[in-house]
>>> print(open('final_39.cif').read())   # mmCIF, C-alpha atoms
data_work
#
loop_
_atom_site.label_atom_id
_atom_site.label_comp_id
_atom_site.auth_asym_id
_atom_site.auth_seq_id
_atom_site.Cartn_x
_atom_site.Cartn_y
_atom_site.Cartn_z
CA MET A 25 142.10 104.89 85.13
CA SER A 26 139.88 107.85 85.91
CA ALA A 27 138.78 108.81 89.44
CA SER A 28 135.19 107.76 88.75
CA ARG A 29 136.37 104.24 87.84
CA TRP A 30 138.35 103.96 91.10
CA LEU A 31 135.23 105.08 93.00
CA TRP A 32 133.19 102.42 91.21
CA LEU A 33 135.76 99.82 92.23
CA ILE A 34 135.65 100.91 95.89
CA ALA A 35 131.83 100.81 95.86
CA ALA A 36 131.89 97.37 94.23
CA ALA A 37 134.45 96.10 96.76
CA LEU A 38 132.28 97.31 99.66
CA ALA A 39 129.22 95.67 98.07
CA VAL A 40 131.16 92.40 97.82
CA VAL A 41 132.01 92.69 101.54
CA VAL A 42 128.31 93.20 102.38
CA VAL A 43 127.37 90.05 100.43
CA GLN A 44 130.28 88.21 102.07
CA LEU A 45 129.22 89.16 105.62
CA THR A 46 125.49 88.64 105.13
CA LEU A 47 125.28 85.64 102.83
CA ALA A 48 128.56 83.85 102.09
CA ASP A 49 129.59 83.67 105.76
CA GLU A 50 126.28 81.96 106.55
CA LEU A 51 126.68 79.27 103.87
CA THR A 52 129.23 76.97 105.46
CA VAL A 53 130.27 73.58 104.15
CA ALA A 54 132.56 71.44 106.33
CA GLY A 55 133.12 74.43 108.60
CA VAL A 56 134.36 76.80 105.87
CA HIS A 57 132.70 79.27 103.52
CA ALA A 58 133.40 80.80 100.14
CA GLU A 59 135.51 83.96 99.99
CA LEU A 60 133.97 86.32 97.43
CA VAL A 61 136.98 88.64 97.31
CA TRP A 62 138.29 86.89 94.15
CA VAL A 63 135.13 87.53 92.11
CA LEU A 64 135.88 91.20 91.55
CA PRO A 65 139.36 90.95 89.93
CA VAL A 66 138.20 88.01 87.81
CA ALA A 67 135.04 89.77 86.58
CA VAL A 68 136.70 93.15 86.00
CA GLY A 69 139.75 91.52 84.40
CA LEU A 70 137.56 89.62 81.92
CA ALA A 71 135.39 92.64 81.18
CA ALA A 72 137.99 95.41 81.11
CA GLY A 73 141.47 93.96 80.75
CA SER A 74 144.54 93.42 82.90
CA LYS A 75 145.06 96.98 84.19
CA ALA A 76 141.49 97.29 85.43
CA GLY A 77 141.67 93.70 86.74
CA MET A 78 144.77 94.52 88.78
CA ALA A 79 143.13 97.70 90.10
CA ALA A 80 140.06 95.66 91.10
CA GLY A 81 142.32 93.09 92.77
CA LEU A 82 144.18 95.80 94.70
CA VAL A 83 141.05 97.66 95.84
CA GLY A 84 138.94 94.54 96.44
CA GLY A 85 141.75 92.80 98.29
CA ALA A 86 142.57 95.82 100.46
CA VAL A 87 138.90 96.34 101.39
CA ALA A 88 138.48 92.64 102.18
CA ASP A 89 141.68 92.76 104.24
CA LEU A 90 140.08 95.46 106.43
CA PHE A 91 137.50 92.88 107.54
CA ALA A 92 139.75 89.84 107.88
CA PRO A 93 142.26 88.84 110.56
CA THR A 94 144.83 87.81 107.95
CA PRO A 95 147.79 90.18 107.24
CA PHE A 96 146.68 93.46 105.67
CA GLY A 97 147.63 93.54 101.97
CA LEU A 98 147.86 89.77 101.47
CA ALA A 99 144.53 89.45 99.63
CA ALA A 100 145.48 92.60 97.67
CA ILE A 101 148.66 90.94 96.35
CA VAL A 102 146.78 87.81 95.30
CA GLY A 103 144.01 89.98 93.81
CA VAL A 104 146.53 91.92 91.69
CA LEU A 105 148.12 88.71 90.35
CA LEU A 106 144.70 87.17 89.67
CA GLY A 107 143.44 90.37 88.00
CA PHE A 108 146.52 90.45 85.77
CA ALA A 109 146.28 86.80 84.71
CA VAL A 110 142.54 86.90 84.00
CA GLY A 111 142.80 90.39 82.50
CA ARG A 112 145.26 89.13 79.86
CA LEU A 113 142.56 86.70 78.71
CA GLY A 114 139.99 89.49 78.84
CA GLU A 115 142.14 91.69 76.60
CA GLU A 116 142.00 89.01 73.93
CA GLY A 117 138.20 88.94 74.15
CA ILE A 118 138.16 85.52 75.86
CA GLY A 119 135.19 85.29 78.22
CA ASP A 120 133.58 88.37 76.69
CA LEU A 121 129.87 88.49 77.55
CA GLY A 122 128.87 89.26 73.99
CA GLY A 123 131.44 87.37 71.93
CA SER A 124 132.14 84.11 73.81
CA ALA A 125 130.04 81.10 74.73
CA TRP A 126 128.11 81.54 77.97
CA TRP A 127 130.28 79.05 79.85
CA VAL A 128 133.70 80.55 79.06
CA ALA A 129 133.65 83.33 81.70
CA PRO A 130 132.34 81.01 84.48
CA GLY A 131 134.94 78.42 83.41
CA ILE A 132 137.79 80.91 83.71
CA ALA A 133 136.35 82.21 86.99
CA PHE A 134 136.17 78.63 88.30
CA GLY A 135 139.88 78.22 87.56
CA GLY A 136 140.69 81.58 89.14
CA GLY A 137 138.69 80.74 92.27
CA LEU A 138 140.42 77.37 92.49
CA VAL A 139 143.92 78.84 92.28
CA ALA A 140 143.45 82.00 94.38
CA PRO A 141 143.26 80.36 97.86
CA VAL A 142 146.37 78.28 97.08
CA LEU A 143 148.17 81.44 96.00
CA PHE A 144 146.93 83.16 99.16
CA ALA A 145 148.22 80.31 101.35
CA MET A 146 151.57 80.34 99.49
CA CYS A 147 151.98 84.12 99.93
CA GLY A 148 150.94 83.73 103.58
CA ALA A 149 153.50 80.96 104.07
CA ALA A 150 156.16 83.17 102.46
CA ILE A 151 155.65 85.76 105.21
CA GLY A 152 155.58 83.18 108.00
CA HIS A 153 151.94 82.02 108.20
CA ARG A 154 152.44 78.37 107.35
CA SER A 155 149.21 77.40 109.14
CA TYR A 156 147.24 78.69 106.10
CA PHE A 157 148.05 75.35 104.48
CA SER A 158 145.41 73.57 106.53
CA ALA A 159 143.42 70.44 105.89
CA THR A 160 140.44 72.56 104.80
CA LEU A 161 142.31 74.39 102.00
CA GLY A 162 140.94 71.97 99.39
CA VAL A 163 137.34 72.65 100.46
CA VAL A 164 138.02 76.41 100.44
CA CYS A 165 139.38 76.15 96.86
CA VAL A 166 136.31 74.28 95.62
CA LEU A 167 133.88 76.66 97.35
CA ASP A 168 135.70 79.75 96.05
CA ALA A 169 135.78 78.27 92.56
CA PHE A 170 132.01 77.67 92.52
CA ALA A 171 131.31 81.10 94.01
CA CYS A 172 133.45 82.79 91.34
CA ALA A 173 131.87 80.78 88.54
CA LEU A 174 128.37 81.59 89.79
CA LEU A 175 128.87 85.31 90.32
CA VAL A 176 131.26 86.28 87.54
CA ARG A 177 128.69 87.04 84.84
CA PRO A 178 126.38 89.16 87.06
CA VAL A 179 129.42 91.08 88.39
CA MET A 180 130.74 91.56 84.84
CA ARG A 181 127.40 93.04 83.82
CA LEU A 182 127.09 95.27 86.89
CA VAL A 183 130.68 96.47 87.27
CA GLY A 184 132.61 95.56 84.14
CA SER A 185 130.72 97.90 81.81
CA ARG A 186 131.46 100.85 84.12
CA ILE A 187 135.17 100.08 84.36
CA VAL A 188 135.85 99.07 80.76
CA ASP A 189 138.37 101.17 78.86
CA ASP A 190 138.12 100.30 75.16
CA ALA A 191 141.66 101.47 74.44
CA THR A 192 143.18 98.73 76.64
CA ARG A 193 141.46 95.71 75.09
CA ALA A 194 141.08 94.18 71.70
CA GLY A 195 137.54 92.90 72.27
CA PRO A 196 135.80 90.32 70.12
CA LEU A 197 136.90 90.09 66.51
CA GLU A 198 134.80 92.03 64.05
CA PRO A 199 134.63 91.43 60.30
CA VAL A 200 136.81 93.79 58.27
CA ARG A 201 134.68 96.30 56.41
CA GLY A 202 134.48 95.45 52.72
CA ALA A 203 136.09 92.02 53.06
CA LEU A 204 132.95 90.16 52.10
CA MET B 23 158.39 107.04 71.61
CA ALA B 24 155.89 105.14 73.72
CA PRO B 25 157.15 101.82 75.18
CA PRO B 26 155.79 98.64 73.55
CA ARG B 27 152.55 97.23 74.90
CA GLY B 28 154.12 94.19 76.60
CA ARG B 29 156.57 96.42 78.48
CA ARG B 30 153.80 98.80 79.58
CA ARG B 31 151.85 95.82 80.85
CA LEU B 32 154.83 94.61 82.90
CA LEU B 33 155.34 98.12 84.27
CA SER B 34 151.67 98.24 85.34
CA LEU B 35 151.95 94.82 86.98
CA SER B 36 155.10 95.91 88.85
CA GLY B 37 153.35 99.11 89.99
CA PHE B 38 150.29 97.29 91.31
CA VAL B 39 152.34 94.56 93.03
CA LEU B 40 154.48 97.28 94.61
CA ALA B 41 151.34 99.05 95.85
CA ALA B 42 150.06 95.80 97.37
CA LEU B 43 153.44 95.11 98.98
CA THR B 44 153.37 98.63 100.43
CA LEU B 45 150.00 97.85 102.02
CA LEU B 46 151.49 94.66 103.44
CA ALA B 47 154.51 96.53 104.79
CA ILE B 48 152.50 99.34 106.38
CA GLY B 49 149.96 96.79 107.68
CA GLY B 50 148.58 97.50 111.15
CA PRO B 51 148.30 101.31 111.28
CA LEU B 52 146.58 101.48 107.89
CA ARG B 53 144.19 98.67 108.82
CA SER B 54 143.23 100.24 112.16
CA ALA B 55 142.61 103.59 110.46
CA GLY B 56 140.62 102.15 107.55
CA SER B 57 138.84 99.34 109.35
CA GLY B 58 136.63 101.57 111.54
CA LEU B 59 135.62 103.72 108.59
CA ALA B 60 134.89 100.74 106.34
CA ARG B 61 132.83 99.03 109.04
CA ALA B 62 130.87 102.23 109.66
CA VAL B 63 130.05 102.42 105.94
CA VAL B 64 129.13 98.76 105.58
CA SER B 65 127.35 97.99 108.86
CA PRO B 66 123.95 99.65 108.05
CA PHE B 67 123.73 97.58 104.85
CA VAL B 68 124.89 94.46 106.67
CA ASP B 69 122.19 94.92 109.34
CA VAL B 70 119.45 95.25 106.72
CA PHE B 71 120.64 92.39 104.48
CA ARG B 72 121.35 90.03 107.39
CA GLY B 73 117.65 90.04 108.29
CA ILE B 74 116.90 88.75 104.80
CA THR B 75 119.79 86.32 104.32
CA LYS B 76 119.90 84.69 107.78
CA PRO B 77 117.00 82.30 107.06
CA VAL B 78 118.65 81.39 103.73
CA GLY B 79 121.93 80.63 105.52
CA GLU B 80 120.20 78.57 108.19
CA THR B 81 118.30 76.56 105.55
CA PHE B 82 121.55 75.94 103.68
CA ALA B 83 123.33 74.94 106.88
CA GLY B 84 120.49 72.56 107.72
CA ALA B 85 120.60 70.96 104.27
CA PHE B 86 124.37 70.63 103.88
CA ASN B 87 125.22 69.80 107.49
CA TYR B 88 122.21 67.59 108.23
CA ALA B 89 124.29 64.95 109.98
CA ASN B 90 125.78 67.66 112.18
CA VAL B 91 122.35 69.05 112.99
CA VAL B 92 121.14 65.60 114.06
CA ALA B 93 124.31 65.04 116.10
CA GLN B 94 123.92 68.48 117.70
CA ASN B 95 120.30 67.70 118.50
CA HIS B 96 121.29 64.45 120.24
CA GLN B 97 124.05 66.26 122.08
CA LEU B 98 121.62 68.95 123.20
CA GLU B 99 119.18 66.30 124.42
CA ARG B 100 121.95 64.68 126.45
CA GLU B 101 123.03 68.09 127.71
CA LEU B 102 119.46 68.93 128.71
CA GLY B 103 119.18 65.71 130.68
CA ARG B 104 122.49 66.40 132.36
CA LEU B 105 121.48 69.98 133.18
CA GLN B 106 118.16 68.84 134.65
CA LEU B 107 120.04 66.44 136.90
CA GLN B 108 122.54 69.14 137.72
CA GLN B 109 119.77 71.57 138.63
CA ARG B 110 118.35 69.10 141.12
CA THR B 111 121.66 68.65 142.83
CA GLU B 112 122.69 72.29 142.42
CA GLY B 113 122.25 73.24 146.07
CA PHE B 114 124.41 70.36 147.24
CA GLU B 115 127.07 71.03 144.61
CA GLN B 116 127.22 74.74 145.40
CA THR B 117 127.94 73.98 149.02
CA GLN B 118 130.55 71.46 147.93
CA LEU B 119 132.16 73.95 145.52
CA ARG B 120 132.30 76.69 148.15
CA ASP B 121 133.95 74.29 150.57
CA LEU B 122 136.44 73.11 147.93
CA LEU B 123 137.36 76.64 146.92
CA ALA B 124 137.86 77.56 150.55
CA LEU B 125 140.10 74.52 151.04
CA ASP B 126 142.09 74.66 147.84
CA ARG B 127 141.64 77.80 145.78
CA LEU B 128 141.77 76.88 142.09
CA PRO B 129 144.65 78.71 140.37
CA PHE B 130 142.73 80.57 137.69
CA VAL B 131 139.52 81.11 139.62
CA GLY B 132 140.78 82.18 142.98
CA ALA B 133 144.29 83.52 142.92
CA LEU B 134 144.49 85.39 139.63
CA HIS B 135 142.94 88.68 138.65
CA ILE B 136 140.74 88.84 135.59
CA ALA B 137 139.49 91.57 133.29
CA VAL B 138 135.99 91.06 131.92
CA ALA B 139 135.88 92.02 128.24
CA GLN B 140 133.17 92.25 125.65
CA THR B 141 133.71 90.72 122.22
CA ASN B 142 133.55 93.43 119.57
CA TYR B 143 134.06 91.31 116.53
CA GLN B 144 134.42 87.64 115.70
CA ASN B 145 136.50 87.07 112.60
CA LEU B 146 135.15 84.40 110.29
CA SER B 147 138.10 83.83 107.99
CA ASP B 148 138.71 80.28 106.75
CA PHE B 149 142.37 80.67 107.62
CA THR B 150 142.53 82.03 111.18
CA ALA B 151 140.26 82.03 114.24
CA THR B 152 140.38 85.24 116.24
CA ILE B 153 138.10 87.58 118.17
CA GLU B 154 138.53 91.22 119.03
CA ILE B 155 137.77 92.38 122.56
CA ASP B 156 137.18 95.82 124.04
CA LYS B 157 139.87 95.66 126.74
CA GLY B 158 143.45 96.52 125.89
CA SER B 159 146.73 97.55 127.45
CA SER B 160 145.04 100.39 129.37
CA ALA B 161 143.08 97.71 131.30
CA GLY B 162 146.24 95.70 131.95
CA VAL B 163 145.71 93.28 129.06
CA LEU B 164 149.04 92.20 127.55
CA THR B 165 150.10 89.94 124.71
CA GLY B 166 150.33 86.32 125.81
CA MET B 167 147.64 86.48 128.49
CA PRO B 168 145.18 83.55 128.54
CA VAL B 169 141.50 84.22 127.84
CA VAL B 170 138.77 82.09 129.40
CA GLY B 171 135.00 82.05 129.20
CA ALA B 172 131.96 80.04 128.18
CA GLY B 173 133.19 77.00 130.13
CA GLY B 174 136.93 76.86 129.57
CA LEU B 175 140.01 78.18 127.82
CA VAL B 176 139.12 80.37 124.85
CA GLY B 177 142.56 81.37 123.56
CA ILE B 178 145.44 83.72 124.03
CA VAL B 179 145.91 87.46 123.53
CA THR B 180 148.10 87.92 120.44
CA SER B 181 148.07 91.69 120.00
CA THR B 182 146.88 94.70 121.95
CA THR B 183 146.15 98.36 121.50
CA SER B 184 145.29 100.74 124.33
CA GLY B 185 141.55 100.14 123.96
CA GLY B 186 141.33 96.63 122.53
CA ALA B 187 143.03 93.34 121.88
CA THR B 188 143.02 90.45 119.43
CA VAL B 189 142.56 86.98 120.88
CA THR B 190 143.65 83.97 118.83
CA LEU B 191 141.28 81.12 119.65
CA LEU B 192 142.61 77.73 120.73
CA THR B 193 141.18 76.19 117.52
CA ASP B 194 143.51 78.31 115.37
CA ALA B 195 146.02 76.13 113.54
CA SER B 196 148.91 78.06 115.10
CA GLN B 197 147.92 77.16 118.67
CA SER B 198 149.58 74.46 120.80
CA ILE B 199 148.62 74.00 124.44
CA GLY B 200 150.22 71.77 127.06
CA VAL B 201 147.52 69.77 128.89
CA THR B 202 147.20 67.24 131.65
CA PHE B 203 144.49 64.59 132.03
CA GLY B 204 143.53 61.46 133.90
CA SER B 205 143.87 60.57 137.54
CA ARG B 206 147.62 60.01 137.11
CA GLY B 207 148.19 63.38 135.50
CA TYR B 208 149.33 62.32 132.01
CA GLU B 209 150.88 65.15 129.96
CA ALA B 210 150.15 65.92 126.29
CA VAL B 211 149.99 68.78 123.80
CA VAL B 212 146.79 69.71 121.95
CA HIS B 213 146.90 71.53 118.62
CA GLY B 214 144.31 73.70 116.89
CA GLN B 215 143.19 72.38 113.50
CA GLY B 216 141.45 75.49 112.19
CA PRO B 217 138.20 77.36 112.89
CA GLY B 218 135.33 75.07 113.86
CA LYS B 219 137.49 71.95 113.96
CA LEU B 220 138.25 69.60 116.86
CA LEU B 221 141.62 69.84 118.57
CA ASP B 222 144.20 67.16 117.92
CA GLU B 223 146.41 65.72 120.66
CA ASP B 224 150.05 64.65 120.46
CA PHE B 225 152.61 62.92 122.68
CA VAL B 226 150.30 60.33 124.22
CA ALA B 227 151.85 56.87 124.28
CA PRO B 228 149.75 53.93 122.98
CA GLY B 229 148.09 52.14 125.87
CA THR B 230 147.59 55.30 127.93
CA PRO B 231 144.13 55.04 129.50
CA VAL B 232 142.10 57.80 127.79
CA HIS B 233 138.35 57.78 128.18
CA ARG B 234 135.75 59.43 125.99
CA GLY B 235 134.40 62.48 127.83
CA GLU B 236 137.53 62.87 129.94
CA ALA B 237 138.37 66.52 130.65
CA MET B 238 141.77 68.06 129.94
CA TYR B 239 143.31 70.98 131.79
CA THR B 240 146.27 73.25 131.09
CA SER B 241 149.35 71.64 132.57
CA GLY B 242 151.16 74.88 133.32
CA LEU B 243 154.36 73.23 132.10
CA GLN B 244 154.73 74.36 128.49
CA GLY B 245 157.22 77.12 129.26
CA GLY B 246 154.64 78.72 131.50
CA LEU B 247 152.38 79.85 128.60
CA PHE B 248 149.21 79.17 130.63
CA PRO B 249 148.61 78.82 134.35
CA ALA B 250 147.80 75.29 135.44
CA GLY B 251 144.25 74.03 135.85
CA ILE B 252 142.28 75.87 133.17
CA PRO B 253 139.76 73.49 131.56
CA VAL B 254 140.65 73.07 127.86
CA GLY B 255 138.54 70.36 126.30
CA ARG B 256 136.89 66.97 126.49
CA VAL B 257 137.98 63.80 124.69
CA VAL B 258 135.54 62.87 121.90
CA GLY B 259 137.46 60.04 120.30
CA THR B 260 140.68 58.06 120.26
CA GLN B 261 142.34 56.01 117.57
CA THR B 262 145.35 53.70 117.64
CA HIS B 263 146.89 53.06 114.25
CA ARG B 264 148.88 49.86 113.82
CA GLY B 265 152.57 50.50 114.45
CA ALA B 266 151.95 54.09 115.58
CA THR B 267 154.07 55.50 118.38
CA GLU B 268 151.34 57.85 119.56
CA LEU B 269 147.64 57.70 120.29
CA SER B 270 145.50 59.88 118.04
CA ILE B 271 143.05 61.79 120.25
CA SER B 272 140.34 64.24 119.19
CA VAL B 273 139.37 66.87 121.74
CA ARG B 274 136.37 69.20 121.66
CA PRO B 275 136.99 72.59 123.31
CA LEU B 276 134.99 72.96 126.53
CA ALA B 277 134.35 76.63 125.79
CA ASP B 278 131.56 77.25 123.30
CA LEU B 279 133.58 79.27 120.78
CA THR B 280 130.50 80.21 118.80
CA ARG B 281 129.06 82.20 121.71
CA LEU B 282 131.72 84.52 123.00
CA ASP B 283 129.84 87.68 123.83
CA TYR B 284 131.89 88.15 127.01
CA VAL B 285 135.24 86.66 127.99
CA ASP B 286 137.60 86.92 130.94
CA VAL B 287 141.22 87.85 130.32
CA VAL B 288 143.36 86.23 133.01
CA LEU B 289 145.82 88.94 134.01
CA TRP B 290 148.67 86.47 134.16
CA GLU B 291 151.89 86.96 132.25
CA PRO B 292 153.54 83.92 130.66
CA GLY B 293 156.46 82.69 132.73
CA SER B 294 155.25 84.43 135.89
#
>>> encode(input="final_39.cif", output="structure tokens")
Amino acid sequence: MSASRWLWLIAAALAVVVVQLTLADELTVAGVHAELVWVLPVAVGLAAGSKAGMAAGLVGGAVADLFAPTPFGLAAIVGVLLGFAVGRLGEEGIGDLGGSAWWVAPGIAFGGGLVAPVLFAMCGAAIGHRSYFSATLGVVCVLDAFACALLVRPVMRLVGSRIVDDATRAGPLEPVRGAL
Amino acid sequence: MAPPRGRRRLLSLSGFVLAALTLLAIGGPLRSAGSGLARAVVSPFVDVFRGITKPVGETFAGAFNYANVVAQNHQLERELGRLQLQQRTEGFEQTQLRDLLALDRLPFVGALHIAVAQTNYQNLSDFTATIEIDKGSSAGVLTGMPVVGAGGLVGIVTSTTSGGATVTLLTDASQSIGVTFGSRGYEAVVHGQGPGKLLDEDFVAPGTPVHRGEAMYTSGLQGGLFPAGIPVGRVVGTQTHRGATELSISVRPLADLTRLDYVDVVLWEPGS
């Protein structure tokens, strides 16, 4: 990835933090709020493939970790894994803004948002923070899933097009010239 | 010859996971260096956007937590009535308090030194409940010291630097506090259940007289983690399940953990 793409990712990660601190933190349900950190790897992974998705997960997670009391690097690990998994789908053109049905990207993002907090709690437990498996984890999963589903398409439009590297993804299928 | 695509992908994944693990291993120093810079970059935008989004958040909170808002309103009405009564008897109570303190100095008010600290940052993660204060080891603040304020026990210092410290609030799921309550001095342990949640109490035998509104204080027994007599919380509900060997008690922290602009660090080392 070029330096300009890394800079775009850092800017996007900081923008996500601003939205998190000003809006998402205010919208609490049952005492918890949605964590927007997972939106970036999901959106970039779908738009630009697994490598860019992992980079978005690493940068987005590390920036989010700067503002959270949880161990530094934990969200980055989960972001990388999420970016890889979603990016593999993105490389096959699944969830593509132009080639797939409108609901595919939000559907995948919903799944990603649902799994990410569980993965985060599991990684946290692996390094000794077993209290992350709290009674509110289920609510956090649902909120994160809805937040990801809601924001994935706008973030794909805003960030994905600037990160996309055509060499790393197959993209939507195109008819072979002269076949018809 | 270039490696096949699947292998390159695995190599990339290993590289990124390794980078993330490196961040996790380096941890603290990297966070303290990057955190200040990141906050300086973000805070002007946060200040501007917060003015716009705060009403949205409050509307959302009102709509989704309506029952809570009504309950809070009733609680505030009760509190107002209590405060009005308290104001009228304030003079008498102040005299009484002065006399009591002179007779029997309360452990955490009278005998112990405190360091007044300002809260720099309140973390709002769904997983942990902490605040960051502006007093650190240079002001005598050490890991394990209790923190009080806003009406009772706030939490415990869990890490310090020379100019600041992190306080884990008593609602954090990792917190367990030995308490005493009732006229006969029953002992129990309260546990944090996560940010914004009530505390849960263990080790209370069924049939123990526990009354709604009863205050709980640190017992000072639990390996000397807290000095005795710090107000912790008030009972909001009890439940006895059939066949259970313990009472299930819900406790609301006495300290208002949403308003912690200033706190007092009790300069008391565990076990002292």
>>> resolve_selection(input="final_39.cif", expression="the PyMOL selection byres ((chain A) within 9 of (chain B))", output="PyMOL selection string")
chain A and resi 38-39+41-43+45-59+74-75+78-79+82+85-87+89-102+104-105+108+145+153-161+164
>>> atom_distance(input="final_39.cif", atom1="atom CA of Glu99 of chain B", atom2="atom CA of Asp286 of chain B")
28.4 Å
>>> atom_distance(input="final_39.cif", atom1="atom CA of Glu101 of chain B", atom2="atom CA of Glu236 of chain B")
15.6 Å
>>> resolve_selection(input="final_39.cif", expression="the PyMOL selection byres ((chain A and resi 68) around 12)", output="PyMOL selection string")
chain A and resi 29+32-33+36-37+62-67+69-84+103-104+106-115+119-121+129+133+175-189
>>> resolve_selection(input="final_39.cif", expression="the PyMOL selection byres ((chain B and resi 141) around 10)", output="PDB file with C-alpha atoms, in the frame of the given file")
ATOM      1  CA  VAL B 138     135.990  91.060 131.920  1.00  0.00           C
ATOM      2  CA  ALA B 139     135.880  92.020 128.240  1.00  0.00           C
ATOM      3  CA  GLN B 140     133.170  92.250 125.650  1.00  0.00           C
ATOM      4  CA  ASN B 142     133.550  93.430 119.570  1.00  0.00           C
ATOM      5  CA  TYR B 143     134.060  91.310 116.530  1.00  0.00           C
ATOM      6  CA  GLN B 144     134.420  87.640 115.700  1.00  0.00           C
ATOM      7  CA  ILE B 153     138.100  87.580 118.170  1.00  0.00           C
ATOM      8  CA  GLU B 154     138.530  91.220 119.030  1.00  0.00           C
ATOM      9  CA  ILE B 155     137.770  92.380 122.560  1.00  0.00           C
ATOM     10  CA  ASP B 156     137.180  95.820 124.040  1.00  0.00           C
ATOM     11  CA  LYS B 157     139.870  95.660 126.740  1.00  0.00           C
ATOM     12  CA  GLY B 186     141.330  96.630 122.530  1.00  0.00           C
ATOM     13  CA  ALA B 187     143.030  93.340 121.880  1.00  0.00           C
ATOM     14  CA  THR B 188     143.020  90.450 119.430  1.00  0.00           C
ATOM     15  CA  VAL B 189     142.560  86.980 120.880  1.00  0.00           C
ATOM     16  CA  ARG B 281     129.060  82.200 121.710  1.00  0.00           C
ATOM     17  CA  LEU B 282     131.720  84.520 123.000  1.00  0.00           C
ATOM     18  CA  ASP B 283     129.840  87.680 123.830  1.00  0.00           C
ATOM     19  CA  TYR B 284     131.890  88.150 127.010  1.00  0.00           C
ATOM     20  CA  VAL B 285     135.240  86.660 127.990  1.00  0.00           C
TER      21      VAL B 285
END
>>> atom_distance(input="final_39.cif", atom1="atom CA of Ser241 of chain B", atom2="atom CA of Val288 of chain B")
15.8 Å
>>> residues_around(input="final_39.cif", residues="segment 220-228 of chain B", least_positions_apart="2", cutoff="9 Å", atoms="only C-alpha atoms", output="PDB file with C-alpha atoms, in the coordinates of the input")
ATOM      1  CA  LEU B 192     142.610  77.730 120.730  1.00  0.00           C
ATOM      2  CA  THR B 193     141.180  76.190 117.520  1.00  0.00           C
ATOM      3  CA  TYR B 208     149.330  62.320 132.010  1.00  0.00           C
ATOM      4  CA  GLU B 209     150.880  65.150 129.960  1.00  0.00           C
ATOM      5  CA  ALA B 210     150.150  65.920 126.290  1.00  0.00           C
ATOM      6  CA  VAL B 211     149.990  68.780 123.800  1.00  0.00           C
ATOM      7  CA  VAL B 212     146.790  69.710 121.950  1.00  0.00           C
ATOM      8  CA  HIS B 213     146.900  71.530 118.620  1.00  0.00           C
ATOM      9  CA  GLY B 214     144.310  73.700 116.890  1.00  0.00           C
ATOM     10  CA  GLN B 215     143.190  72.380 113.500  1.00  0.00           C
ATOM     11  CA  GLY B 216     141.450  75.490 112.190  1.00  0.00           C
ATOM     12  CA  PRO B 217     138.200  77.360 112.890  1.00  0.00           C
ATOM     13  CA  GLY B 218     135.330  75.070 113.860  1.00  0.00           C
ATOM     14  CA  THR B 230     147.590  55.300 127.930  1.00  0.00           C
ATOM     15  CA  PRO B 231     144.130  55.040 129.500  1.00  0.00           C
ATOM     16  CA  GLY B 255     138.540  70.360 126.300  1.00  0.00           C
ATOM     17  CA  VAL B 258     135.540  62.870 121.900  1.00  0.00           C
ATOM     18  CA  THR B 262     145.350  53.700 117.640  1.00  0.00           C
ATOM     19  CA  ALA B 266     151.950  54.090 115.580  1.00  0.00           C
ATOM     20  CA  THR B 267     154.070  55.500 118.380  1.00  0.00           C
ATOM     21  CA  GLU B 268     151.340  57.850 119.560  1.00  0.00           C
ATOM     22  CA  LEU B 269     147.640  57.700 120.290  1.00  0.00           C
ATOM     23  CA  SER B 270     145.500  59.880 118.040  1.00  0.00           C
ATOM     24  CA  ILE B 271     143.050  61.790 120.250  1.00  0.00           C
ATOM     25  CA  SER B 272     140.340  64.240 119.190  1.00  0.00           C
ATOM     26  CA  VAL B 273     139.370  66.870 121.740  1.00  0.00           C
ATOM     27  CA  ARG B 274     136.370  69.200 121.660  1.00  0.00           C
ATOM     28  CA  PRO B 275     136.990  72.590 123.310  1.00  0.00           C
TER      29      PRO B 275
END
>>> decode(input="final_39.cif", residues="segment 38-44 of chain A", atoms="N, CA and C atoms", output="short mmCIF file (atom, residue, chain, number, x, y, z; two decimals), in the first residue's frame")
data_model
loop_
_atom_site.label_atom_id
_atom_site.label_comp_id
_atom_site.auth_asym_id
_atom_site.auth_seq_id
_atom_site.Cartn_x
_atom_site.Cartn_y
_atom_site.Cartn_z
N LEU A 38 -9.28 8.54 12.55
CA LEU A 38 -9.51 9.68 13.45
C LEU A 38 -10.94 10.22 13.30
N ALA A 39 -11.44 10.21 12.06
CA ALA A 39 -12.82 10.66 11.83
C ALA A 39 -13.80 9.73 12.55
N VAL A 40 -13.52 8.43 12.51
CA VAL A 40 -14.38 7.46 13.20
C VAL A 40 -14.38 7.75 14.71
N VAL A 41 -13.19 8.09 15.25
CA VAL A 41 -13.10 8.39 16.68
C VAL A 41 -13.93 9.64 17.02
N VAL A 42 -13.88 10.64 16.13
CA VAL A 42 -14.68 11.87 16.39
C VAL A 42 -16.17 11.51 16.44
N VAL A 43 -16.63 10.71 15.48
CA VAL A 43 -18.05 10.31 15.47
C VAL A 43 -18.37 9.47 16.71
N GLN A 44 -17.41 8.62 17.10
CA GLN A 44 -17.61 7.78 18.29
C GLN A 44 -17.80 8.67 19.54
#
